[in-house]
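Trainee: So that we are looking at the same thing, I have put the structure below in structure tokens.
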Amino acid sequence: SFPANDNLMELLVAIDALKRGSAARITAVLPYFGYARQDRKPGPRTPISAKLVSNLITTAGADRVLTVDLHAEQIQGFFDIPTDNLFAGPVFSRDIKDQFDLSNLVAVSPDIGGVVRARAIASKFGASIAIVDKRRPKAGESEVMNIIGDVNGKDCIILDDIIDSAGTICNAADKLIEIGAKSVTAYVTHGVLSGKALSRIKDSKLKEVVITDTIDNTENAKELEKIRIIPISDLLGEAIRRISEESSVSSLFEF
């Protein structure tokens with residue numbers, strides 16, 4: 001995360017130092033994998049930055065990568081070394097269970113691509129799902145066209161992997177309230193929160209935005225009461241322990 005280039009360079013130099021120090025194995029733990037949204041060529045003469053970064057980490061000498069909620073799961077295939085992509089879903093599930101009346105819950109996907117994430121949470125609690133039908137007039141902007149599913153009188157949980165400018169989630173929340181939702185809370189793994197994100201969240205119909213600490217947002221959380229940070233250290237720590245002991249990490253992927 002910010003400053004992304006400095007942090008990436010520091011990681012590569014550290015890996016090289018460990019490799020030259022005859023480390024038996026080097027695992028790069030990346031709670032937030034930067035450049036992940038550039039995972040394909042959306043147009044001619046554009047880079048695939050996620051592939052470039054994965055090549056840099058591998059070439060520097062990492063033997064394994066541990067990360068959380070990749071923007072696109074196929075990025076795991078960019079690495080030619082073992083890659084564990086943990087999910088924040090189990091952490092969110094425990095918090096949702098404590099915070100909500102589960103009988104009145106709807107899991108909302110902010111786009112078609114996030115349906116799998118919403119369905120996983122919904123199946124955990126026997127909730128229904130809804131999908132936001134949106135379009136992007138241009139890069140960095142989104143427009144909500146329709147809501148697919150019944151949200152009238154329901155507590156809506158929007159689930160996403162990244163909140164950057166907050167336009168999509170705030171627009172979705174406003175639309176959900178407009179058509180009768182009782183409340184809207186967003187659960188997002190990575191709080192990038194760039195540009196006007198904080199002011200958008202403040203002025204939106206969102207009840208709360210819950211993010212993990214994969215990116216340090218301590219000051220932003222102090223500034224805005226709507227933001228709540230939950231730790232993901234237990235999940236990462238358990239994964240690190242199991243990798244170190246060479247035991248299975250499979251159960252950590254279950255919701």
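Lettering and numbering for the structure tokens are positional, with chains as A, B, ... in the shown order, residues counted from 1 in each chain, and ligands counted from 1 in the shown order.
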Using DSSP on the backbone coordinates, identify the residues of region 98-217 of chain A assigned to strand (DSSP E); present them as JSON, numbers by chain.
Mentor: {"A": [105, 106, 107, 108, 109, 128, 129, 130, 131, 132, 133, 134, 135, 143, 144, 145, 146, 147, 148, 155, 156, 157, 158, 159, 160, 161, 162, 163, 183, 184, 185, 186, 187, 188, 189, 190, 191, 208, 209, 210, 211, 212]}
Trainee: Please provide as a PyMOL selection string all residues within 7 Å of region 23-32 of chain A, with the sequence filter that same-chain residues fewer than 6 positions apart are discarded (counting only C-alpha atoms).
Mentor: chain A and resi 1+62-68+190+214-215
Trainee: Using only C-alpha atoms, which protein or nucleic acid residues come within 7 Å of region 154-167 of chain A? Drop anything in the same chain fewer than 2 positions from it, and give the result as a short mmCIF file (atom, residue, chain, number, x, y, z; two decimals) with all heavy atoms, in the first residue's frame.
Mentor:
data_model
loop_
_atom_site.label_atom_id
_atom_site.label_comp_id
_atom_site.auth_asym_id
_atom_site.auth_seq_id
_atom_site.Cartn_x
_atom_site.Cartn_y
_atom_site.Cartn_z
N ASP A 69 -7.30 -11.94 -0.10
CA ASP A 69 -8.32 -11.44 -1.03
C ASP A 69 -7.74 -10.73 -2.24
O ASP A 69 -7.88 -9.51 -2.41
CB ASP A 69 -9.30 -10.52 -0.30
CG ASP A 69 -10.47 -11.29 0.30
OD1 ASP A 69 -10.79 -12.37 -0.21
OD2 ASP A 69 -11.06 -10.80 1.27
N HIS A 71 -7.60 -9.30 -5.86
CA HIS A 71 -8.69 -8.69 -6.65
C HIS A 71 -9.22 -9.66 -7.69
O HIS A 71 -10.42 -9.69 -7.97
CB HIS A 71 -8.18 -7.41 -7.32
CG HIS A 71 -9.23 -6.67 -8.08
ND1 HIS A 71 -10.36 -6.14 -7.47
CD2 HIS A 71 -9.36 -6.39 -9.40
CE1 HIS A 71 -11.12 -5.55 -8.38
NE2 HIS A 71 -10.53 -5.70 -9.55
N ASN A 104 -32.87 -11.26 9.06
CA ASN A 104 -33.29 -10.13 8.22
C ASN A 104 -32.15 -9.63 7.33
O ASN A 104 -32.10 -8.48 6.93
CB ASN A 104 -33.79 -8.97 9.11
CG ASN A 104 -34.58 -7.94 8.33
OD1 ASN A 104 -35.46 -8.28 7.56
ND2 ASN A 104 -34.25 -6.67 8.52
N LEU A 105 -31.25 -10.54 6.99
CA LEU A 105 -30.03 -10.16 6.30
C LEU A 105 -30.08 -10.45 4.80
O LEU A 105 -30.63 -11.46 4.38
CB LEU A 105 -28.86 -10.95 6.91
CG LEU A 105 -27.47 -10.35 6.88
CD1 LEU A 105 -27.42 -9.05 7.65
CD2 LEU A 105 -26.46 -11.35 7.46
N VAL A 106 -29.49 -9.54 4.01
CA VAL A 106 -29.30 -9.76 2.57
C VAL A 106 -27.84 -9.45 2.25
O VAL A 106 -27.33 -8.38 2.59
CB VAL A 106 -30.21 -8.86 1.71
CG1 VAL A 106 -29.87 -9.01 0.23
CG2 VAL A 106 -31.67 -9.19 1.92
N ALA A 107 -27.15 -10.39 1.62
CA ALA A 107 -25.78 -10.17 1.18
C ALA A 107 -25.81 -9.56 -0.22
O ALA A 107 -26.44 -10.11 -1.12
CB ALA A 107 -25.00 -11.49 1.17
N VAL A 108 -25.15 -8.42 -0.39
CA VAL A 108 -25.21 -7.69 -1.65
C VAL A 108 -23.85 -7.69 -2.33
O VAL A 108 -22.83 -7.32 -1.71
CB VAL A 108 -25.67 -6.23 -1.43
CG1 VAL A 108 -25.74 -5.47 -2.75
CG2 VAL A 108 -27.02 -6.20 -0.72
N SER A 109 -23.83 -8.09 -3.59
CA SER A 109 -22.62 -7.99 -4.40
C SER A 109 -22.64 -6.67 -5.16
O SER A 109 -23.63 -6.36 -5.82
CB SER A 109 -22.53 -9.16 -5.39
OG SER A 109 -21.46 -8.95 -6.28
N PRO A 110 -21.56 -5.88 -5.09
CA PRO A 110 -21.56 -4.58 -5.78
C PRO A 110 -21.42 -4.68 -7.29
O PRO A 110 -21.55 -3.68 -8.00
CB PRO A 110 -20.34 -3.87 -5.17
CG PRO A 110 -19.44 -4.97 -4.76
CD PRO A 110 -20.32 -6.11 -4.33
N GLY A 114 -18.60 -10.13 -8.07
CA GLY A 114 -18.50 -10.41 -6.66
C GLY A 114 -19.57 -11.34 -6.12
O GLY A 114 -19.70 -11.50 -4.90
N ALA A 118 -20.47 -12.88 -2.18
CA ALA A 118 -21.75 -12.62 -1.51
C ALA A 118 -22.48 -13.93 -1.21
O ALA A 118 -23.07 -14.10 -0.14
CB ALA A 118 -22.62 -11.72 -2.38
N GLU A 141 -15.26 6.02 -12.32
CA GLU A 141 -16.64 6.42 -12.06
C GLU A 141 -17.57 5.23 -12.27
O GLU A 141 -17.35 4.41 -13.16
CB GLU A 141 -17.07 7.56 -12.98
CG GLU A 141 -16.39 8.88 -12.69
CD GLU A 141 -16.96 10.01 -13.55
OE1 GLU A 141 -18.00 9.78 -14.21
OE2 GLU A 141 -16.35 11.09 -13.56
N SER A 142 -18.62 5.14 -11.45
CA SER A 142 -19.60 4.07 -11.61
C SER A 142 -20.99 4.65 -11.46
O SER A 142 -21.21 5.62 -10.74
CB SER A 142 -19.38 2.96 -10.57
OG SER A 142 -19.67 3.44 -9.28
N VAL A 151 -34.71 -6.35 -1.45
CA VAL A 151 -34.01 -5.78 -0.30
C VAL A 151 -34.96 -4.96 0.59
O VAL A 151 -34.52 -4.37 1.58
CB VAL A 151 -32.83 -4.88 -0.74
CG1 VAL A 151 -31.81 -5.69 -1.53
CG2 VAL A 151 -33.31 -3.69 -1.57
N ASN A 152 -36.23 -4.94 0.27
CA ASN A 152 -37.19 -4.12 0.99
C ASN A 152 -37.27 -4.52 2.47
O ASN A 152 -37.54 -5.67 2.81
CB ASN A 152 -38.57 -4.23 0.35
CG ASN A 152 -39.55 -3.22 0.93
OD1 ASN A 152 -39.20 -2.07 1.18
ND2 ASN A 152 -40.79 -3.64 1.15
N ILE A 169 -19.58 1.74 -3.92
CA ILE A 169 -20.27 1.31 -2.70
C ILE A 169 -21.23 2.38 -2.19
O ILE A 169 -22.35 2.07 -1.77
CB ILE A 169 -19.24 0.91 -1.63
CG1 ILE A 169 -18.63 -0.45 -2.01
CG2 ILE A 169 -19.86 0.84 -0.24
CD1 ILE A 169 -17.54 -0.93 -1.09
N CYS A 170 -20.82 3.64 -2.25
CA CYS A 170 -21.70 4.72 -1.79
C CYS A 170 -22.93 4.87 -2.70
O CYS A 170 -24.05 5.05 -2.21
CB CYS A 170 -20.94 6.04 -1.72
SG CYS A 170 -19.73 6.09 -0.38
N ASN A 171 -22.73 4.77 -4.00
CA ASN A 171 -23.86 4.84 -4.94
C ASN A 171 -24.81 3.66 -4.73
O ASN A 171 -26.04 3.82 -4.77
CB ASN A 171 -23.37 4.84 -6.39
CG ASN A 171 -22.67 6.13 -6.76
OD1 ASN A 171 -22.84 7.15 -6.10
ND2 ASN A 171 -21.87 6.11 -7.83
N ALA A 181 -34.42 -0.52 1.50
CA ALA A 181 -33.58 -1.26 2.45
C ALA A 181 -33.63 -0.59 3.82
O ALA A 181 -33.69 0.64 3.93
CB ALA A 181 -32.15 -1.33 1.95
N LYS A 182 -33.61 -1.39 4.87
CA LYS A 182 -33.64 -0.87 6.23
C LYS A 182 -32.31 -0.21 6.61
O LYS A 182 -32.29 0.87 7.20
CB LYS A 182 -33.96 -2.01 7.21
CG LYS A 182 -34.04 -1.60 8.66
CD LYS A 182 -34.32 -2.82 9.55
CE LYS A 182 -34.29 -2.45 11.03
NZ LYS A 182 -34.49 -3.66 11.89
N SER A 183 -31.22 -0.86 6.28
CA SER A 183 -29.89 -0.32 6.57
C SER A 183 -28.89 -0.92 5.58
O SER A 183 -29.15 -1.98 4.99
CB SER A 183 -29.45 -0.62 8.00
OG SER A 183 -29.16 -2.01 8.16
N VAL A 184 -27.75 -0.23 5.39
CA VAL A 184 -26.71 -0.73 4.50
C VAL A 184 -25.36 -0.60 5.20
O VAL A 184 -24.96 0.49 5.63
CB VAL A 184 -26.66 0.05 3.17
CG1 VAL A 184 -25.58 -0.54 2.26
CG2 VAL A 184 -28.00 0.04 2.47
N THR A 185 -24.67 -1.72 5.33
CA THR A 185 -23.33 -1.75 5.91
C THR A 185 -22.39 -2.40 4.89
O THR A 185 -22.76 -3.38 4.26
CB THR A 185 -23.31 -2.57 7.21
OG1 THR A 185 -24.25 -2.01 8.13
CG2 THR A 185 -21.92 -2.57 7.84
N ALA A 186 -21.20 -1.84 4.73
CA ALA A 186 -20.22 -2.41 3.79
C ALA A 186 -19.12 -3.13 4.56
O ALA A 186 -18.59 -2.60 5.54
CB ALA A 186 -19.62 -1.31 2.93
N TYR A 187 -18.81 -4.34 4.11
CA TYR A 187 -17.67 -5.10 4.63
C TYR A 187 -16.67 -5.25 3.49
O TYR A 187 -16.95 -5.91 2.48
CB TYR A 187 -18.11 -6.47 5.13
CG TYR A 187 -18.70 -6.46 6.52
CD1 TYR A 187 -20.02 -6.08 6.74
CD2 TYR A 187 -17.94 -6.83 7.63
CE1 TYR A 187 -20.57 -6.06 8.01
CE2 TYR A 187 -18.47 -6.82 8.91
CZ TYR A 187 -19.79 -6.44 9.10
OH TYR A 187 -20.31 -6.41 10.37
N VAL A 188 -15.51 -4.62 3.63
CA VAL A 188 -14.52 -4.59 2.55
C VAL A 188 -13.15 -4.96 3.12
O VAL A 188 -12.75 -4.44 4.18
CB VAL A 188 -14.45 -3.19 1.91
CG1 VAL A 188 -13.58 -3.24 0.66
CG2 VAL A 188 -15.84 -2.68 1.55
N THR A 189 -12.45 -5.82 2.42
CA THR A 189 -11.16 -6.29 2.93
C THR A 189 -10.10 -5.20 2.95
O THR A 189 -9.48 -4.93 3.99
CB THR A 189 -10.63 -7.47 2.08
OG1 THR A 189 -11.63 -8.47 1.99
CG2 THR A 189 -9.38 -8.06 2.68
N HIS A 190 -9.87 -4.56 1.80
CA HIS A 190 -8.77 -3.60 1.68
C HIS A 190 -9.29 -2.17 1.60
O HIS A 190 -9.98 -1.81 0.64
CB HIS A 190 -7.92 -3.90 0.45
CG HIS A 190 -7.46 -5.32 0.34
ND1 HIS A 190 -6.62 -5.90 1.27
CD2 HIS A 190 -7.73 -6.29 -0.58
CE1 HIS A 190 -6.39 -7.16 0.92
NE2 HIS A 190 -7.06 -7.42 -0.18
N GLY A 191 -8.97 -1.35 2.58
CA GLY A 191 -9.41 0.05 2.58
C GLY A 191 -8.37 0.97 1.97
O GLY A 191 -7.57 1.58 2.68
N VAL A 192 -8.37 1.06 0.64
CA VAL A 192 -7.42 1.96 -0.03
C VAL A 192 -7.78 3.42 0.27
O VAL A 192 -6.93 4.24 0.60
CB VAL A 192 -7.40 1.71 -1.56
CG1 VAL A 192 -6.47 2.69 -2.26
CG2 VAL A 192 -6.98 0.28 -1.86
N LEU A 193 -9.08 3.75 0.13
CA LEU A 193 -9.63 5.07 0.52
C LEU A 193 -8.83 6.24 -0.03
O LEU A 193 -8.24 7.04 0.70
CB LEU A 193 -9.72 5.16 2.05
CG LEU A 193 -10.58 4.09 2.74
CD1 LEU A 193 -10.49 4.23 4.25
CD2 LEU A 193 -12.02 4.18 2.28
N SER A 194 -8.82 6.34 -1.36
CA SER A 194 -8.09 7.42 -2.02
C SER A 194 -9.03 8.57 -2.40
O SER A 194 -10.26 8.42 -2.40
CB SER A 194 -7.40 6.89 -3.27
OG SER A 194 -8.37 6.48 -4.23
N GLY A 195 -8.44 9.71 -2.73
CA GLY A 195 -9.21 10.84 -3.22
C GLY A 195 -10.28 11.31 -2.25
O GLY A 195 -10.02 11.58 -1.07
N LYS A 196 -11.53 11.39 -2.75
CA LYS A 196 -12.65 11.90 -1.96
C LYS A 196 -13.41 10.79 -1.23
O LYS A 196 -14.57 10.98 -0.85
CB LYS A 196 -13.61 12.67 -2.86
CG LYS A 196 -13.00 13.88 -3.55
CD LYS A 196 -14.02 14.57 -4.45
CE LYS A 196 -13.40 15.78 -5.13
NZ LYS A 196 -14.37 16.45 -6.05
N ALA A 197 -12.77 9.67 -1.03
CA ALA A 197 -13.46 8.51 -0.45
C ALA A 197 -14.09 8.83 0.91
O ALA A 197 -15.25 8.49 1.16
CB ALA A 197 -12.49 7.34 -0.31
N ARG A 200 -17.14 11.03 0.63
CA ARG A 200 -18.25 10.28 0.02
C ARG A 200 -18.92 9.38 1.04
O ARG A 200 -20.14 9.28 1.10
CB ARG A 200 -17.74 9.45 -1.16
CG ARG A 200 -17.44 10.25 -2.42
CD ARG A 200 -17.26 9.33 -3.62
NE ARG A 200 -16.97 10.08 -4.83
CZ ARG A 200 -15.80 10.05 -5.48
NH1 ARG A 200 -14.82 9.29 -5.01
NH2 ARG A 200 -15.62 10.77 -6.56
N ILE A 201 -18.10 8.66 1.82
CA ILE A 201 -18.65 7.77 2.85
C ILE A 201 -19.44 8.57 3.88
O ILE A 201 -20.54 8.19 4.29
CB ILE A 201 -17.51 6.98 3.53
CG1 ILE A 201 -16.88 6.00 2.54
CG2 ILE A 201 -18.02 6.22 4.76
CD1 ILE A 201 -15.60 5.35 3.02
#
Trainee: Give me, as a count of residues only, the residues of region 11-188 of chain A that a backbone DSSP run labels alpha helix (DSSP H).
Mentor: 56
Trainee: Can you work out which one of A:Glu245, A:Ile147, A:Arg37, A:Ser93 has the shortest atom-to-atom distance to Leu176 (chain A), counting only C-alpha atoms?
Mentor: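 Smallest separation from Leu176 (chain A) among the options: A:Ile147.
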Trainee: What is the CA of Ile243 (chain A) to CA of Glu10 (chain A) distance in Å?
Mentor: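 Result for CA of Ile243 (chain A) versus CA of Glu10 (chain A): 22.7 Å, one decimal.
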Trainee: Of the candidates A:Leu56, A:Phe2, A:Ile240, A:Ala72, which shows the shortest atom-to-atom distance to Arg117 (chain A), using only C-alpha atoms?
Mentor: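 Counting only C-alpha atoms, the residue closest to Arg117 (chain A) is A:Ala72.
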Trainee: Would you mind telling me which residue in A:Ile112, A:Leu11, A:Leu86, A:Leu70 lies nearest to Ser251 (chain A) when using only C-alpha atoms?
Mentor: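 Distance minimum relative to Ser251 (chain A) lands on A:Leu86.
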Trainee: Separation of CA of Val13 (chain A) and CA of Thr59 (chain A), in Å?
Mentor: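 That distance, rounded to one decimal, is 11.4 Å.
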Trainee: Record the distance separating CA of Gln38 (chain A) and CA of Lys226 (chain A), expressed in Å with one decimal.
Mentor: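 Answer for the CA of Gln38 (chain A) to CA of Lys226 (chain A) separation: 29.3 Å.
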